[in-house]
Amino acid sequence: MSATTWWRRHHDNAGSLLAATPAMLFLAVLYLLPMVLLLAQSLEGRSLVHYEKALTDGLYVRVLVDTLLIAAYVSVACLLMGYPVAYFLSIAPAPWPMIGMIFVLLPFWTSVLVRTYGWMVILGRNGILNRTLLESGLISTPLPLINNTAGVLIGMVHVLLPYMILPLYAVMKRMDRGLLSAAEGMGASGLQVFTRVYFPLTLPGVLAGVTLVYVLSIGFFITPALLGGGKVMMVAVLIEQQVRTFLNWGFAAALSVVLLTATLLVYVGLRKLLRGNVQWT
Amino acid sequence: MDMTPRRIRRGRTVRYALYVWCTLIFVFLMAPLIVVFPISLSSSAYLQFPPPGWSWRWYEAYFTDSTWMDATYRSLNIAFWTTLLTTVMGTMLAFSLVRGKYRGVNILNQVSLMPLVVPVIVYSIAVYSLFAQWQLIGYWQAIVLGHTVHAIPFVVIIVSAALRTFDISQEHAAMSLGASRAMAIWKVTLPQIRPSLVSAAFLAFISSFDELVVAMFLGGSNMTLPKKMFDNIVNEIDPTIAAVSVVQILMVTAVLLIVSKLGAGAAPASHGS
């Protein structure tokens, strides 16, 4: 290596480091520092008492388990609902993919508050759905669709469905369809083509979508807070309550660390499964 | 290839089932957006469907009520500064991460993406606790700082993706003609990745404008628009929220159309596929 190229390389690296400095300092002070302090707060009095409470008290264990379960239901529902839609978007003749994409993206870009409010209008006791069903005589008393787990699930699936569809669509769009014809040509039935060739090839998209939806689900706040009506407790809602209502900082911090650990485990675990095959972010 | 009539017929049934399923899902996705339109034009103060009469009163309420307007301006202002800070710092960081060969570049990459994975509620109480010590609660600038942390990953992801596909020899050509590195980046590289920069800025803006949880903790009594909407929904005050929702949906639609016209469709790019 000549002296000039060495110098240039060195110089470029210095420039690169310099370019990263503002964001690095910013994140160090406003992101890493508060997170470290939160961890310290959860260990208040150098004891694990808050963690003990979070992980052994039946009431709170129940909230943690419910959160993980709701997140699992939401992920499965999003996959079952989103997979065919992503497939449709990837194969339909123009202009359908574009029109379909608008139906996916418009809600995606709309504020979660607006969408949650929309669901309250539809699902409420006096909402559109109940009114229609009552007037048509299909039911005699309003269905409880809000302020319960059903409402939370519907609202969460609605918010998170685009996060499932988009990575699936990306994988399906890139797929070499010649492989499907080849499988067919060698005598595979339609079902076999799907289970042996198509689905395995979309697996990176499936894992990416499921990871994204699951990780976002377990930290969800707005939808359970509004559509759960105080009856559906998820960890994020519990944390907010502990801080704002009870000023119970140590406990809220411990719950946060538990939530964060769960999130990171899911993220890292599925990331390993993906082996860096697909970038979903 | 086995093209018996039976197989063709089954293929057709599967296709129809697919169309029906997708139609249902599209209806599901659009339903909560569509229902707020009639409600926003209702003459009734209660949630009633179909509305007993029509009026513009909730739009009037939104545009004339000073607390709603203050909240809207506050949110626009916060989103503007967040976009500016995030786009500048995030773009610089993306350059560094894509081109830097220094030690620790991978760790830095991971750190800069972390805010995406950390649940918003966790970050919110962490920064709330710190800002309470620094006595920053209630200042809109505090919310800008919190929102910037959350929006940096979006910009880094989108701009990095654009830089990876950018042909760096163009920049080298400019430099061999006498431009400095900075000038080459400013005059050659940035204009070429503009669609990605626009998408990134748009995403940063929306992420701040819609953000509730950080703003709820850091805002104190100075409410942002999402906080005002949240309170309005929780307390079931009146359908002003429906009018606000319609305004937001129309705004998003307009911006989405504009951004997609500017090239590199905002949304797919934002997901880096």
# chains A, B, ... in the order shown; residues from 1 in each chain; ligands from 1
call {"tool": "residues_around", "arguments": {"residues": "range 79-86 of chain A", "least_positions_apart": "5", "cutoff": "9 Å", "atoms": "only C-alpha atoms", "output": "ChimeraX atom specification"}}
result
/A:74,91,100,161-162,164-170,172-173,206,209-210 /B:18-19,21-23,25-26
call {"tool": "residues_around", "arguments": {"residues": "Glu240 in chain A", "least_positions_apart": "4", "cutoff": "9 Å", "atoms": "only C-alpha atoms", "output": "MDAnalysis selection string"}}
result
(chainID A and resid 221 235:236 244:245 252) or (chainID B and resid 121 125)
call {"tool": "residues_around", "arguments": {"residues": "Phe63 in chain B", "least_positions_apart": "4", "cutoff": "12 Å", "atoms": "only C-alpha atoms", "output": "list in words"}}
result
Trp56, Arg57, Trp58, Tyr59, Thr67, Trp68, Met69, Asp70, Ala71, Thr72, Tyr73, Thr240, Ile241, Ala243, Val244 and Val247 of chain B
call {"tool": "residues_around", "arguments": {"residues": "range 27-36 of chain B", "least_positions_apart": "4", "cutoff": "9 Å", "atoms": "only C-alpha atoms", "output": "list in words"}}
result
Phe103, Val104, Leu106, Pro107, Thr110, Val114, Arg115, Thr116, Tyr117, Gly118, Trp119, Met120, Val121, Ile122, Ile128, His158, Val159 and Leu161 of chain A; Cys22, Thr23, Ser40, Leu41, Ile241, Ala242, Ala243, Ser245, Val246 and Ile249 of chain B
call {"tool": "write_last_selection", "arguments": {"atoms": "N, CA and C atoms", "output": "compact mmCIF listing (two decimals), in the first residue's frame"}}
result
# COMPACT_ATOMS: atom_id res chain seq x y z
N PHE A 103 -54.89 0.05 -0.08
CA PHE A 103 -55.71 -0.39 1.06
C PHE A 103 -54.85 -0.83 2.24
N VAL A 104 -53.63 -1.28 1.95
CA VAL A 104 -52.73 -1.69 3.04
C VAL A 104 -52.00 -0.47 3.62
N LEU A 106 -52.71 2.92 3.34
CA LEU A 106 -53.47 4.04 3.89
C LEU A 106 -53.71 3.86 5.39
N PRO A 107 -54.21 2.69 5.81
CA PRO A 107 -54.33 2.48 7.27
C PRO A 107 -52.98 2.51 7.97
N THR A 110 -51.99 5.91 8.75
CA THR A 110 -52.94 6.68 9.56
C THR A 110 -52.66 6.46 11.03
N VAL A 114 -56.54 7.37 15.49
CA VAL A 114 -57.67 7.50 14.56
C VAL A 114 -58.30 6.13 14.31
N ARG A 115 -57.42 5.14 14.07
CA ARG A 115 -57.92 3.81 13.75
C ARG A 115 -58.62 3.18 14.94
N THR A 116 -58.05 3.39 16.13
CA THR A 116 -58.67 2.83 17.32
C THR A 116 -60.04 3.46 17.55
N TYR A 117 -60.11 4.77 17.31
CA TYR A 117 -61.40 5.45 17.44
C TYR A 117 -62.40 4.86 16.45
N GLY A 118 -61.95 4.64 15.22
CA GLY A 118 -62.81 4.03 14.21
C GLY A 118 -63.38 2.70 14.68
N TRP A 119 -62.53 1.90 15.32
CA TRP A 119 -63.01 0.60 15.82
C TRP A 119 -64.01 0.78 16.94
N MET A 120 -63.84 1.82 17.76
CA MET A 120 -64.82 2.05 18.83
C MET A 120 -66.18 2.38 18.21
N VAL A 121 -66.15 3.14 17.10
CA VAL A 121 -67.40 3.48 16.41
C VAL A 121 -68.06 2.21 15.86
N ILE A 122 -67.25 1.30 15.35
CA ILE A 122 -67.82 0.09 14.76
C ILE A 122 -68.26 -0.91 15.83
N ILE A 128 -71.85 0.56 14.97
CA ILE A 128 -72.45 0.20 13.68
C ILE A 128 -72.76 -1.29 13.60
N HIS A 158 -55.56 -5.14 13.40
CA HIS A 158 -55.71 -4.11 12.38
C HIS A 158 -54.46 -3.23 12.28
N VAL A 159 -53.91 -2.84 13.43
CA VAL A 159 -52.73 -1.98 13.41
C VAL A 159 -51.51 -2.73 12.85
N LEU A 161 -51.35 -5.69 10.98
CA LEU A 161 -51.44 -6.48 9.74
C LEU A 161 -50.51 -5.98 8.63
N CYS B 22 -59.27 -11.81 0.16
CA CYS B 22 -58.57 -10.52 0.09
C CYS B 22 -59.55 -9.36 0.16
N THR B 23 -60.71 -9.51 -0.49
CA THR B 23 -61.72 -8.45 -0.42
C THR B 23 -62.13 -8.22 1.02
N SER B 40 -68.19 12.22 11.59
CA SER B 40 -67.67 13.59 11.70
C SER B 40 -68.69 14.61 11.20
N LEU B 41 -69.64 14.16 10.37
CA LEU B 41 -70.64 15.08 9.82
C LEU B 41 -71.97 14.98 10.55
N ILE B 241 -63.34 14.56 17.71
CA ILE B 241 -62.28 13.63 17.37
C ILE B 241 -62.49 13.03 15.97
N ALA B 242 -63.76 12.82 15.59
CA ALA B 242 -64.05 12.27 14.26
C ALA B 242 -63.63 13.26 13.18
N ALA B 243 -63.92 14.55 13.41
CA ALA B 243 -63.52 15.58 12.44
C ALA B 243 -62.00 15.64 12.34
N SER B 245 -59.96 13.25 12.95
CA SER B 245 -59.53 12.03 12.26
C SER B 245 -59.64 12.18 10.75
N VAL B 246 -60.78 12.73 10.31
CA VAL B 246 -60.97 12.90 8.86
C VAL B 246 -59.89 13.81 8.29
N ILE B 249 -56.75 11.79 8.00
CA ILE B 249 -56.78 10.79 6.93
C ILE B 249 -56.59 11.47 5.57
call {"tool": "atom_distance", "arguments": {"atom1": "CA of Val152 in chain A", "atom2": "CA of Leu227 in chain A"}}
result
5.3 Å
call {"tool": "residues_around", "arguments": {"residues": "Met156 in chain A", "least_positions_apart": "4", "cutoff": "10 Å", "atoms": "only C-alpha atoms", "output": "MDAnalysis selection string"}}
result
chainID A and resid 70:71 74:75 78 112 116 150:152 160:161 213 216:217 220:224 227
call {"tool": "write_last_selection", "arguments": {"atoms": "N, CA and C atoms", "output": "compact mmCIF listing (two decimals), in the first residue's frame"}}
result
# COMPACT_ATOMS: atom_id res chain seq x y z
N ILE A 70 -51.60 -12.82 24.14
CA ILE A 70 -52.27 -11.92 23.20
C ILE A 70 -51.35 -11.66 22.00
N ALA A 71 -50.06 -11.43 22.29
CA ALA A 71 -49.11 -11.19 21.20
C ALA A 71 -49.05 -12.40 20.26
N VAL A 74 -52.24 -12.48 18.15
CA VAL A 74 -52.19 -11.43 17.13
C VAL A 74 -51.27 -11.85 15.99
N SER A 75 -50.11 -12.43 16.34
CA SER A 75 -49.16 -12.84 15.29
C SER A 75 -49.76 -13.89 14.38
N CYS A 78 -52.49 -12.37 12.21
CA CYS A 78 -51.91 -11.54 11.14
C CYS A 78 -51.34 -12.41 10.03
N VAL A 112 -52.60 5.62 14.84
CA VAL A 112 -53.21 4.51 15.57
C VAL A 112 -54.42 5.00 16.36
N THR A 116 -58.05 3.39 16.13
CA THR A 116 -58.67 2.83 17.32
C THR A 116 -60.04 3.46 17.55
N ALA A 150 -61.55 -9.43 23.02
CA ALA A 150 -61.93 -9.46 21.60
C ALA A 150 -61.63 -8.11 20.94
N GLY A 151 -62.06 -7.04 21.60
CA GLY A 151 -61.83 -5.71 21.05
C GLY A 151 -60.35 -5.41 20.89
N VAL A 152 -59.56 -5.76 21.92
CA VAL A 152 -58.12 -5.51 21.87
C VAL A 152 -57.49 -6.28 20.71
N LEU A 160 -51.39 -4.01 13.19
CA LEU A 160 -50.15 -4.73 12.88
C LEU A 160 -50.17 -5.51 11.56
N LEU A 161 -51.35 -5.69 10.98
CA LEU A 161 -51.44 -6.48 9.74
C LEU A 161 -50.51 -5.98 8.63
N VAL A 213 -44.31 -8.40 14.19
CA VAL A 213 -45.63 -8.28 14.80
C VAL A 213 -45.57 -8.67 16.28
N LEU A 216 -43.67 -5.99 18.36
CA LEU A 216 -44.47 -4.78 18.53
C LEU A 216 -45.67 -5.04 19.44
N SER A 217 -46.24 -6.25 19.34
CA SER A 217 -47.43 -6.59 20.15
C SER A 217 -47.15 -6.55 21.65
N PHE A 220 -47.33 -3.19 23.18
CA PHE A 220 -48.45 -2.33 22.76
C PHE A 220 -49.11 -1.59 23.90
N PHE A 221 -49.41 -0.32 23.66
CA PHE A 221 -50.04 0.47 24.71
C PHE A 221 -51.40 1.05 24.30
N ILE A 222 -51.44 1.81 23.20
CA ILE A 222 -52.64 2.58 22.86
C ILE A 222 -53.88 1.70 22.71
N THR A 223 -53.76 0.66 21.90
CA THR A 223 -54.94 -0.16 21.62
C THR A 223 -55.49 -0.86 22.86
N PRO A 224 -54.64 -1.55 23.65
CA PRO A 224 -55.22 -2.15 24.87
C PRO A 224 -55.75 -1.09 25.84
N LEU A 227 -59.20 0.12 23.76
CA LEU A 227 -60.22 -0.89 23.45
C LEU A 227 -60.38 -1.92 24.57
call {"tool": "closest_residue", "arguments": {"among": "B:Ile143, B:Ala132, B:Ala174, B:Val159", "to": "Ile193 in chain B", "atoms": "only C-alpha atoms"}}
result
B:Val159
call {"tool": "closest_residue", "arguments": {"among": "A:Leu123, A:Met35, A:Met98, A:Ala28", "to": "chain B", "atoms": "only C-alpha atoms"}}
result
A:Met35
call {"tool": "residues_around", "arguments": {"residues": "Asp66 in chain A", "least_positions_apart": "2", "cutoff": "9 Å", "atoms": "only C-alpha atoms", "output": "list in words"}}
result
Val61, Arg62, Val63, Leu64, Leu68, Leu69, Ile70, Ala71, Val232, Met233, Met234 and Val235 of chain A
call {"tool": "select_by_dssp", "arguments": {"residues": "range 35-180 of chain A", "states": "alpha helix (DSSP H)", "output": "MDAnalysis selection string"}}
result
chainID A and resid 35:42 49:56 58:91 96:109 112:123 128:135 149:174 178:180
call {"tool": "residues_around", "arguments": {"residues": "Leu207 in chain A", "least_positions_apart": "2", "cutoff": "9 Å", "atoms": "only C-alpha atoms", "output": "list of chain:residue names"}}
result
A:Thr202, A:Leu203, A:Pro204, A:Gly205, A:Gly209, A:Val210, A:Thr211, A:Leu212, A:Leu270, A:Arg271, A:Leu273, A:Leu274
call {"tool": "write_last_selection", "arguments": {"atoms": "N, CA and C atoms", "output": "short mmCIF file (atom, residue, chain, number, x, y, z; two decimals), in the first residue's frame"}}
result
data_model
loop_
_atom_site.label_atom_id
_atom_site.label_comp_id
_atom_site.auth_asym_id
_atom_site.auth_seq_id
_atom_site.Cartn_x
_atom_site.Cartn_y
_atom_site.Cartn_z
N THR A 202 -40.95 -18.80 1.13
CA THR A 202 -41.42 -17.54 1.73
C THR A 202 -41.12 -17.49 3.23
N LEU A 203 -40.51 -18.56 3.73
CA LEU A 203 -40.27 -18.65 5.16
C LEU A 203 -39.51 -17.45 5.76
N PRO A 204 -38.49 -16.94 5.07
CA PRO A 204 -37.84 -15.74 5.63
C PRO A 204 -38.81 -14.59 5.86
N GLY A 205 -39.72 -14.41 4.90
CA GLY A 205 -40.73 -13.35 5.05
C GLY A 205 -41.67 -13.64 6.20
N GLY A 209 -42.02 -11.23 9.35
CA GLY A 209 -43.31 -10.64 9.70
C GLY A 209 -43.74 -11.00 11.11
N VAL A 210 -43.59 -12.30 11.45
CA VAL A 210 -44.00 -12.75 12.77
C VAL A 210 -43.17 -12.07 13.86
N THR A 211 -41.85 -11.98 13.63
CA THR A 211 -40.99 -11.31 14.62
C THR A 211 -41.45 -9.88 14.85
N LEU A 212 -41.63 -9.19 13.74
CA LEU A 212 -41.99 -7.78 13.82
C LEU A 212 -43.31 -7.62 14.58
N LEU A 270 -35.33 -15.02 16.78
CA LEU A 270 -35.81 -15.14 15.41
C LEU A 270 -34.78 -14.64 14.41
N ARG A 271 -33.96 -13.70 14.87
CA ARG A 271 -32.89 -13.20 14.02
C ARG A 271 -31.90 -14.33 13.70
N LEU A 273 -32.67 -17.51 13.70
CA LEU A 273 -33.36 -18.40 12.77
C LEU A 273 -33.23 -17.91 11.34
N LEU A 274 -33.30 -16.60 11.20
CA LEU A 274 -33.23 -16.02 9.86
C LEU A 274 -31.82 -16.09 9.30
#
call {"tool": "closest_residue", "arguments": {"among": "A:Gly219, A:Asn126, A:Ala254, A:Val171", "to": "Tyr46 in chain B", "atoms": "only C-alpha atoms"}}
result
A:Asn126
call {"tool": "closest_residue", "arguments": {"among": "A:Lys231, A:Arg131, A:Arg177, A:Arg196", "to": "chain B", "atoms": "only C-alpha atoms"}}
result
A:Arg131
call {"tool": "closest_residue", "arguments": {"among": "B:Ile107, B:Ala162, B:Ala126, B:Ala179", "to": "chain A", "atoms": "only C-alpha atoms"}}
result
B:Ala126
call {"tool": "atom_distance", "arguments": {"atom1": "CA of Val193 in chain A", "atom2": "CA of Lys272 in chain A"}}
result
27.0 Å
call {"tool": "closest_residue", "arguments": {"among": "A:Gly185, A:Gly250, A:Pro93, A:Gly137", "to": "chain B", "atoms": "only C-alpha atoms"}}
result
A:Gly185
